[in-house]
Every structure is written in structure tokens, then in C-alpha cells.
file target_11.csv (CSV, C-alpha atoms and all ligand atoms)
chain,number,residue,atom,x,y,z
A,1,MET,CA,-3.9,-7.4,-24.6
A,2,LEU,CA,-7.2,-9.2,-24.6
A,3,GLN,CA,-8.7,-6.3,-26.5
A,4,PHE,CA,-5.9,-6.1,-29.0
A,5,TYR,CA,-4.6,-9.5,-29.9
A,6,PRO,CA,-7.5,-12.0,-30.2
A,7,VAL,CA,-8.6,-13.0,-33.7
A,8,ILE,CA,-11.2,-15.4,-32.1
A,9,PRO,CA,-13.5,-14.5,-29.2
A,10,PRO,CA,-11.2,-14.4,-26.1
A,11,HIS,CA,-13.1,-16.9,-24.0
A,12,PRO,CA,-12.9,-19.2,-22.2
A,13,ILE,CA,-9.6,-18.2,-20.5
A,14,LEU,CA,-7.4,-20.6,-18.6
A,15,ASP,CA,-5.1,-19.0,-16.0
A,16,ALA,CA,-2.6,-21.9,-15.6
A,17,THR,CA,-0.7,-20.3,-12.7
A,18,TYR,CA,-3.6,-18.7,-10.8
A,19,ASN,CA,-2.2,-18.1,-7.3
A,20,ALA,CA,-4.3,-15.3,-5.9
A,21,GLY,CA,-5.6,-14.3,-9.3
A,22,ARG,CA,-4.2,-10.8,-9.1
A,23,PHE,CA,-4.4,-10.4,-12.8
A,24,TRP,CA,-8.2,-10.6,-12.7
A,25,ALA,CA,-8.9,-8.2,-9.8
A,26,GLY,CA,-11.7,-5.9,-11.0
A,27,SER,CA,-12.2,-7.9,-14.2
A,28,THR,CA,-15.5,-9.4,-15.2
A,29,ARG,CA,-13.9,-12.0,-17.6
A,30,GLN,CA,-14.7,-15.6,-16.9
A,31,VAL,CA,-11.5,-17.3,-16.0
A,32,VAL,CA,-10.9,-20.9,-15.2
A,33,SER,CA,-8.2,-21.1,-12.6
A,34,MET,CA,-5.5,-23.7,-12.3
A,35,ASP,CA,-2.7,-24.0,-9.8
A,36,ILE,CA,-0.6,-26.8,-8.5
A,37,ASP,CA,-1.1,-25.6,-4.9
A,38,PRO,CA,-4.6,-26.4,-3.5
A,39,LYS,CA,-4.4,-23.6,-1.0
A,40,TYR,CA,-5.3,-21.1,-3.6
A,41,LYS,CA,-8.6,-23.0,-4.2
A,42,PRO,CA,-8.3,-23.0,-8.0
A,43,ASP,CA,-11.0,-24.5,-10.1
A,44,ILE,CA,-8.5,-27.1,-11.2
A,45,VAL,CA,-5.7,-28.3,-8.9
A,46,ALA,CA,-3.2,-29.6,-11.4
A,47,ASP,CA,0.3,-29.4,-12.7
A,48,ASN,CA,0.2,-27.3,-15.8
A,49,ARG,CA,2.8,-29.6,-17.4
A,50,GLU,CA,0.2,-32.3,-17.4
A,51,MET,CA,-3.3,-30.7,-17.2
A,52,PRO,CA,-5.0,-34.0,-16.6
A,53,GLY,CA,-8.7,-34.0,-17.5
A,54,VAL,CA,-8.6,-30.7,-19.5
A,55,LYS,CA,-10.1,-31.2,-22.9
A,56,SER,CA,-8.1,-30.5,-26.0
A,57,GLU,CA,-8.9,-27.3,-27.9
A,58,SER,CA,-11.2,-26.1,-25.1
A,59,PHE,CA,-9.7,-22.7,-24.4
A,60,SER,CA,-9.3,-19.5,-26.5
A,61,VAL,CA,-6.6,-18.0,-24.2
A,62,VAL,CA,-4.1,-19.5,-21.8
A,63,VAL,CA,-2.3,-17.1,-19.3
A,64,TYR,CA,1.0,-18.2,-17.7
A,65,ASP,CA,2.9,-16.5,-14.9
A,66,PRO,CA,5.3,-19.1,-13.7
A,67,PRO,CA,7.7,-18.8,-10.7
A,68,HIS,CA,10.7,-16.7,-11.7
A,69,VAL,CA,12.9,-17.4,-8.7
A,70,GLY,CA,13.8,-20.6,-6.9
A,71,PRO,CA,13.0,-21.4,-3.3
A,72,GLN,CA,14.1,-18.6,-1.1
A,73,GLY,CA,15.2,-20.7,1.9
A,74,ARG,CA,17.6,-18.1,3.2
A,75,ASP,CA,15.5,-15.1,2.4
A,76,LYS,CA,14.7,-13.5,5.7
A,77,SER,CA,12.5,-10.8,4.2
A,78,THR,CA,8.9,-10.5,5.4
A,79,LYS,CA,7.7,-10.7,1.8
A,80,ARG,CA,7.4,-14.5,2.0
A,81,PHE,CA,8.3,-15.0,-1.7
A,82,ASP,CA,7.9,-18.8,-1.4
A,83,VAL,CA,4.3,-18.5,-0.2
A,84,ASP,CA,3.1,-15.5,-2.1
A,85,PHE,CA,4.8,-16.0,-5.4
A,86,GLY,CA,5.0,-19.8,-5.7
A,87,ALA,CA,8.8,-19.7,-5.6
A,88,THR,CA,8.9,-23.4,-4.7
A,89,MET,CA,10.2,-25.1,-7.9
A,90,GLU,CA,13.8,-26.3,-7.8
A,91,CYS,CA,16.4,-24.4,-9.8
A,92,GLY,CA,19.7,-25.7,-8.6
A,93,LYS,CA,22.6,-27.4,-10.2
A,94,GLN,CA,20.5,-30.3,-11.4
A,95,GLN,CA,18.2,-27.8,-13.2
A,96,ASP,CA,21.2,-26.0,-14.7
A,97,TRP,CA,20.3,-23.1,-12.4
A,98,THR,CA,17.2,-22.0,-14.3
A,99,LEU,CA,13.5,-22.6,-14.2
A,100,SER,CA,13.3,-22.9,-18.0
A,101,TYR,CA,12.9,-26.7,-17.8
A,102,LEU,CA,9.3,-26.0,-16.7
A,103,TYR,CA,8.4,-24.5,-20.1
A,104,PRO,CA,8.5,-27.3,-22.7
A,105,PRO,CA,6.0,-29.6,-21.0
A,106,PHE,CA,3.7,-26.6,-20.2
A,107,LEU,CA,4.0,-25.4,-23.8
A,108,ALA,CA,3.0,-28.8,-25.1
A,109,GLN,CA,-0.1,-28.7,-22.9
A,110,ALA,CA,-1.0,-25.1,-23.7
A,111,LYS,CA,-0.8,-26.0,-27.4
A,112,ARG,CA,-3.0,-29.0,-26.8
A,113,VAL,CA,-5.8,-27.2,-24.9
A,114,LEU,CA,-5.8,-24.1,-27.1
A,115,GLN,CA,-8.1,-23.7,-30.0
A,116,GLN,CA,-6.6,-22.9,-33.4
A,117,ASP,CA,-5.6,-19.2,-33.5
A,118,GLY,CA,-5.9,-19.0,-29.7
A,119,LEU,CA,-3.5,-17.0,-27.6
A,120,LEU,CA,-0.9,-17.8,-25.0
A,121,LEU,CA,0.0,-14.8,-22.9
A,122,ALA,CA,3.1,-15.4,-20.7
A,123,LYS,CA,4.6,-13.1,-18.1
A,124,ILE,CA,8.3,-14.1,-17.9
A,125,THR,CA,11.0,-12.5,-15.8
A,126,ASP,CA,14.7,-13.1,-16.1
A,127,MET,CA,16.7,-13.9,-13.1
A,128,VAL,CA,20.2,-14.0,-11.7
A,129,ASN,CA,21.1,-17.4,-10.2
A,130,ASN,CA,24.5,-18.9,-9.2
A,131,HIS,CA,26.3,-15.6,-10.3
A,132,MET,CA,24.9,-15.6,-13.8
A,133,SER,CA,22.0,-13.9,-15.6
A,134,ARG,CA,19.5,-16.5,-16.8
A,135,TRP,CA,17.6,-15.3,-19.8
A,136,ALA,CA,14.3,-17.0,-19.2
A,137,HIS,CA,12.5,-14.8,-21.8
A,138,CYS,CA,14.9,-15.9,-24.5
A,139,ASP,CA,14.4,-19.6,-23.5
A,140,PHE,CA,10.6,-19.2,-23.5
A,141,MET,CA,10.4,-17.6,-26.9
A,142,ARG,CA,12.7,-20.3,-28.4
A,143,MET,CA,10.8,-23.1,-26.7
A,144,ALA,CA,7.4,-21.6,-27.7
A,145,GLU,CA,8.5,-21.6,-31.4
A,146,ASP,CA,9.8,-25.2,-31.0
A,147,ALA,CA,6.4,-26.2,-29.6
A,148,GLY,CA,4.6,-24.8,-32.7
A,149,PHE,CA,3.5,-21.4,-31.5
A,150,THR,CA,4.2,-18.2,-33.4
A,151,VAL,CA,5.7,-15.6,-31.1
A,152,CYS,CA,3.8,-12.4,-32.1
A,153,ASP,CA,5.2,-9.8,-29.7
A,154,LEU,CA,7.4,-9.1,-26.7
A,155,ILE,CA,6.3,-6.3,-24.4
A,156,VAL,CA,8.5,-5.0,-21.7
A,157,LYS,CA,6.7,-3.9,-18.5
A,158,VAL,CA,8.8,-1.6,-16.3
A,159,ARG,CA,8.1,-0.8,-12.7
A,160,ALA,CA,9.2,2.5,-11.1
A,161,GLY,CA,12.0,2.2,-8.5
A,162,PRO,CA,15.7,2.3,-8.2
A,163,MET,CA,18.1,0.0,-10.1
A,164,THR,CA,20.1,-0.7,-6.9
A,165,SER,CA,19.5,-0.8,-3.2
A,166,ASN,CA,21.5,1.0,-0.6
A,167,ARG,CA,21.2,-2.1,1.5
A,168,TRP,CA,23.3,-4.1,-1.0
A,169,LYS,CA,26.9,-4.5,0.1
A,170,THR,CA,28.2,-5.9,-3.2
A,171,ALA,CA,26.2,-5.8,-6.4
A,172,HIS,CA,27.0,-7.2,-9.8
A,173,HIS,CA,23.6,-7.1,-11.4
A,174,ALA,CA,20.9,-4.3,-11.5
A,175,ARG,CA,17.7,-5.0,-9.7
A,176,LYS,CA,15.1,-6.4,-12.1
A,177,ARG,CA,12.5,-3.7,-12.5
A,178,HIS,CA,11.0,-5.2,-15.6
A,179,CYS,CA,9.3,-8.3,-16.9
A,180,PHE,CA,8.3,-9.4,-20.3
A,181,TRP,CA,4.9,-10.3,-21.6
A,182,ILE,CA,5.3,-12.7,-24.5
A,183,ILE,CA,2.3,-13.0,-26.8
A,184,CYS,CA,2.1,-16.3,-28.7
A,185,ARG,CA,-0.5,-17.5,-31.2
A,186,ASN,CA,-1.5,-21.1,-31.8
A,187,SER,CA,-1.1,-20.6,-35.5
A,188,SER,CA,1.7,-20.6,-38.1
A,189,ARG,CA,1.3,-16.8,-38.4
A,190,CYS,CA,0.4,-14.0,-36.1
A,191,GLU,CA,-1.8,-11.9,-38.3
A,192,ARG,CA,-5.4,-12.7,-39.2
A,193,ILE,CA,-5.7,-14.3,-42.6
A,194,THR,CA,-8.0,-12.2,-44.7
A,195,ARG,CA,-9.5,-14.3,-47.4
A,196,SER,CA,-10.5,-12.7,-50.7
A,197,VAL,CA,-14.0,-13.4,-51.9
B,201,LIG,C1,4.0,-16.0,-9.8
B,201,LIG,S1,2.7,-17.0,-9.1
B,201,LIG,C2,1.3,-16.4,-10.1
B,201,LIG,C3,0.7,-15.1,-9.7
B,201,LIG,C4,-0.6,-14.9,-10.3
B,201,LIG,N1,-0.4,-14.5,-11.7
B,201,LIG,C5,-1.4,-13.7,-9.7
B,201,LIG,O1,-1.7,-12.8,-10.4
B,201,LIG,O2,-1.7,-13.8,-8.5
B,201,LIG,C6,3.0,-18.6,-9.7
B,201,LIG,C7,2.0,-19.6,-9.4
B,201,LIG,O3,2.2,-20.8,-10.2
B,201,LIG,C8,2.0,-21.9,-9.4
B,201,LIG,N2,2.7,-23.0,-10.0
B,201,LIG,C9,4.0,-23.3,-10.0
B,201,LIG,N3,4.3,-24.4,-10.7
B,201,LIG,C10,3.1,-24.8,-11.2
B,201,LIG,C11,2.8,-25.9,-12.1
B,201,LIG,N4,3.7,-26.8,-12.5
B,201,LIG,N5,1.5,-26.1,-12.4
B,201,LIG,C12,0.5,-25.2,-11.9
B,201,LIG,N6,0.8,-24.2,-11.1
B,201,LIG,C13,2.1,-24.0,-10.8
B,201,LIG,C14,2.4,-21.6,-8.0
B,201,LIG,O4,1.8,-22.4,-7.0
B,201,LIG,C15,2.0,-20.1,-7.9
B,201,LIG,O5,0.8,-19.9,-7.3

call {"tool": "encode", "arguments": {"input": "target_11.csv", "output": "C-alpha cells"}}
result
Amino acid sequence: MLQFYPVIPPHPILDATYNAGRFWAGSTRQVVSMDIDPKYKPDIVADNREMPGVKSESFSVVVYDPPHVGPQGRDKSTKRFDVDFGATMECGKQQDWTLSYLYPPFLAQAKRVLQQDGLLLAKITDMVNNHMSRWAHCDFMRMAEDAGFTVCDLIVKVRAGPMTSNRWKTAHHARKRHCFWIICRNSSRCERITRSV
């Protein structure tokens, strides 16, 4: 994506939900890391809905991979979702059972810190919560447009694996084996403007 989409040089990059920085394993790109949780030792410990101290128009690319499930208090699995995937943000009745309330304040900050024509690359996963599918990727695209971005593309990334589990006793929704990469440009259009001379 960083070879294909940029119309301005794709640096510096802000990863606004850095965690362990898995996206950048083996990469030589210079990435400024931000996370709300100091234990990941990011360059900037901050809430990406506020980004205090980050200068306006200072990044060419912002990368966003927010939590896509709520706290897994009753999850007895050894995967430790809460710790490993930052599944710590509330998404109960008060939040209308979704995490989409995180997006508008983040989008306003992403818009502020991005240069004109810069890119916002967001990895968004839908979820099932309180017996309903919650279409986070639809919310994100609508909210990104409301924030003044142009949504350029929606890429579906699919993992191998079964749609169901034989450990499930009752199932109403298929296992999520996919996520979406949403490519947004800080511009009123997606394509490079070619000026005639
Ligand atoms: C799904 S993980 C990101 C994984 C990461 N892309 C990687 O490759 O390792 C989500 C991260 O977002 C962080 N996070 C959640 N809410 C945040 C917020 N409001 N501001 C900054 N970071 C936040 C969590 O602490 C967690 O580390």
C-alpha cells in the first residue's frame, strides 16, 4: 500500500495504535509509534483521540489498527486478547455495543496531523456483540468522509481457516476470517491532480 497509494513521499509515518509494531517487522521505514498503553514503550504515549503535542500537518501517513473487540473478561483462552490486542476499550450498552465511538475523535486528529494529500490506512474488523453484527467498516468509511477524507479503496484481507469451529455448541455467525484495509486520502479527491502546462 505504501508503494501504490502515496502521491507525496510516504514519510514520516505515524502508527497511532502501535502495540508490538507487528506491521513493521522486517521493515526499514521510519515509524513514529503511538499507543495509549505505556507498556509497549511507544515514542508517544497518548490517546490518539487527542494526540497532545503532535504538530499539525506533520505526517504523510497515519496508520490505525484499533481494538475490534471489547474487554474479554470471561474469555478463558490462553490468547490473552486483552493484553495482546488492546481489547480494553468499553463497548457495552452505553457505547451502543460498538467501538465505533472511537473513530470520530481519532479521525479529527488524523486529519489535523496529516499533510495535504497524506494517507490514512486503517485496518478495521467487524464484530458480533450483544447478538448482532456490528459493521465497523461501514461506520468507519462514513465517519471518515464526514471528517473530510476521501475514501479511496476498501481492501478485504482474508485469512485461511474454517468458517466455524467444532468447539462451538451454538453458532449464529460465521467466524471472522477477514478484515478490511480502508485507504483514505486527506484531499477532496483520491487521484493525483495532473496539471496541464
Ligand atoms: C489491535 S492493537 C494494534 C496492533 C498493532 N497494529 C501491531 O501490529 O502490533 C490496538 C492497540 O491500540 C491501542 N489503543 C487502543 N485505544 C487507543 C487510543 N485511544 N489511543 C492510542 N492507542 C490506543 C491499544 O493499547 C493496542 O495496543

call {"tool": "atom_distance", "arguments": {"input": "target_11.csv", "atom1": "atom CA of A:Val156", "atom2": "atom CA of A:Trp181"}}
result
6.4 Å

call {"tool": "residues_near_ligand", "arguments": {"input": "target_11.csv", "ligand": "ligand LIG 201 (chain B)", "cutoff": "9 Å", "atoms": "all atoms listed in the file", "output": "PyMOL selection string"}}
result
chain A and resi 15-25+34-40+45-51+63-68+82-89+102+106+123

call {"tool": "write_last_selection", "arguments": {"input": "target_11.csv", "atoms": "C-alpha atoms", "output": "PDB file, in the coordinates of the input"}}
result
ATOM      1  CA  ASP A  15      -5.100 -19.000 -16.000  1.00  0.00           C
ATOM      2  CA  ALA A  16      -2.600 -21.900 -15.600  1.00  0.00           C
ATOM      3  CA  THR A  17      -0.700 -20.300 -12.700  1.00  0.00           C
ATOM      4  CA  TYR A  18      -3.600 -18.700 -10.800  1.00  0.00           C
ATOM      5  CA  ASN A  19      -2.200 -18.100  -7.300  1.00  0.00           C
ATOM      6  CA  ALA A  20      -4.300 -15.300  -5.900  1.00  0.00           C
ATOM      7  CA  GLY A  21      -5.600 -14.300  -9.300  1.00  0.00           C
ATOM      8  CA  ARG A  22      -4.200 -10.800  -9.100  1.00  0.00           C
ATOM      9  CA  PHE A  23      -4.400 -10.400 -12.800  1.00  0.00           C
ATOM     10  CA  TRP A  24      -8.200 -10.600 -12.700  1.00  0.00           C
ATOM     11  CA  ALA A  25      -8.900  -8.200  -9.800  1.00  0.00           C
ATOM     12  CA  MET A  34      -5.500 -23.700 -12.300  1.00  0.00           C
ATOM     13  CA  ASP A  35      -2.700 -24.000  -9.800  1.00  0.00           C
ATOM     14  CA  ILE A  36      -0.600 -26.800  -8.500  1.00  0.00           C
ATOM     15  CA  ASP A  37      -1.100 -25.600  -4.900  1.00  0.00           C
ATOM     16  CA  PRO A  38      -4.600 -26.400  -3.500  1.00  0.00           C
ATOM     17  CA  LYS A  39      -4.400 -23.600  -1.000  1.00  0.00           C
ATOM     18  CA  TYR A  40      -5.300 -21.100  -3.600  1.00  0.00           C
ATOM     19  CA  VAL A  45      -5.700 -28.300  -8.900  1.00  0.00           C
ATOM     20  CA  ALA A  46      -3.200 -29.600 -11.400  1.00  0.00           C
ATOM     21  CA  ASP A  47       0.300 -29.400 -12.700  1.00  0.00           C
ATOM     22  CA  ASN A  48       0.200 -27.300 -15.800  1.00  0.00           C
ATOM     23  CA  ARG A  49       2.800 -29.600 -17.400  1.00  0.00           C
ATOM     24  CA  GLU A  50       0.200 -32.300 -17.400  1.00  0.00           C
ATOM     25  CA  MET A  51      -3.300 -30.700 -17.200  1.00  0.00           C
ATOM     26  CA  VAL A  63      -2.300 -17.100 -19.300  1.00  0.00           C
ATOM     27  CA  TYR A  64       1.000 -18.200 -17.700  1.00  0.00           C
ATOM     28  CA  ASP A  65       2.900 -16.500 -14.900  1.00  0.00           C
ATOM     29  CA  PRO A  66       5.300 -19.100 -13.700  1.00  0.00           C
ATOM     30  CA  PRO A  67       7.700 -18.800 -10.700  1.00  0.00           C
ATOM     31  CA  HIS A  68      10.700 -16.700 -11.700  1.00  0.00           C
ATOM     32  CA  ASP A  82       7.900 -18.800  -1.400  1.00  0.00           C
ATOM     33  CA  VAL A  83       4.300 -18.500  -0.200  1.00  0.00           C
ATOM     34  CA  ASP A  84       3.100 -15.500  -2.100  1.00  0.00           C
ATOM     35  CA  PHE A  85       4.800 -16.000  -5.400  1.00  0.00           C
ATOM     36  CA  GLY A  86       5.000 -19.800  -5.700  1.00  0.00           C
ATOM     37  CA  ALA A  87       8.800 -19.700  -5.600  1.00  0.00           C
ATOM     38  CA  THR A  88       8.900 -23.400  -4.700  1.00  0.00           C
ATOM     39  CA  MET A  89      10.200 -25.100  -7.900  1.00  0.00           C
ATOM     40  CA  LEU A 102       9.300 -26.000 -16.700  1.00  0.00           C
ATOM     41  CA  PHE A 106       3.700 -26.600 -20.200  1.00  0.00           C
ATOM     42  CA  LYS A 123       4.600 -13.100 -18.100  1.00  0.00           C
TER      43      LYS A 123
END

call {"tool": "residues_around", "arguments": {"input": "target_11.csv", "residues": "A:Met163", "least_positions_apart": "5", "cutoff": "8 Å", "atoms": "only C-alpha atoms", "output": "VMD selection string"}}
result
chain A and resid 174 to 177

call {"tool": "write_last_selection", "arguments": {"input": "target_11.csv", "atoms": "C-alpha atoms", "output": "CSV table (one decimal), in the frame of the given file"}}
result
chain,number,residue,atom,x,y,z
A,174,ALA,CA,20.9,-4.3,-11.5
A,175,ARG,CA,17.7,-5.0,-9.7
A,176,LYS,CA,15.1,-6.4,-12.1
A,177,ARG,CA,12.5,-3.7,-12.5

call {"tool": "closest_residue", "arguments": {"input": "target_11.csv", "among": "A:Cys138, A:Ala160, A:Val151, A:Cys179", "to": "A:Thr125", "atoms": "all atoms listed in the file"}}
result
A:Cys179

call {"tool": "residues_around", "arguments": {"input": "target_11.csv", "residues": "A:Pro9", "least_positions_apart": "6", "cutoff": "12 Å", "atoms": "all atoms listed in the file", "output": "NGL selection string"}}
result
:A and (2-3 or 29 or 59-61 or 115-119)
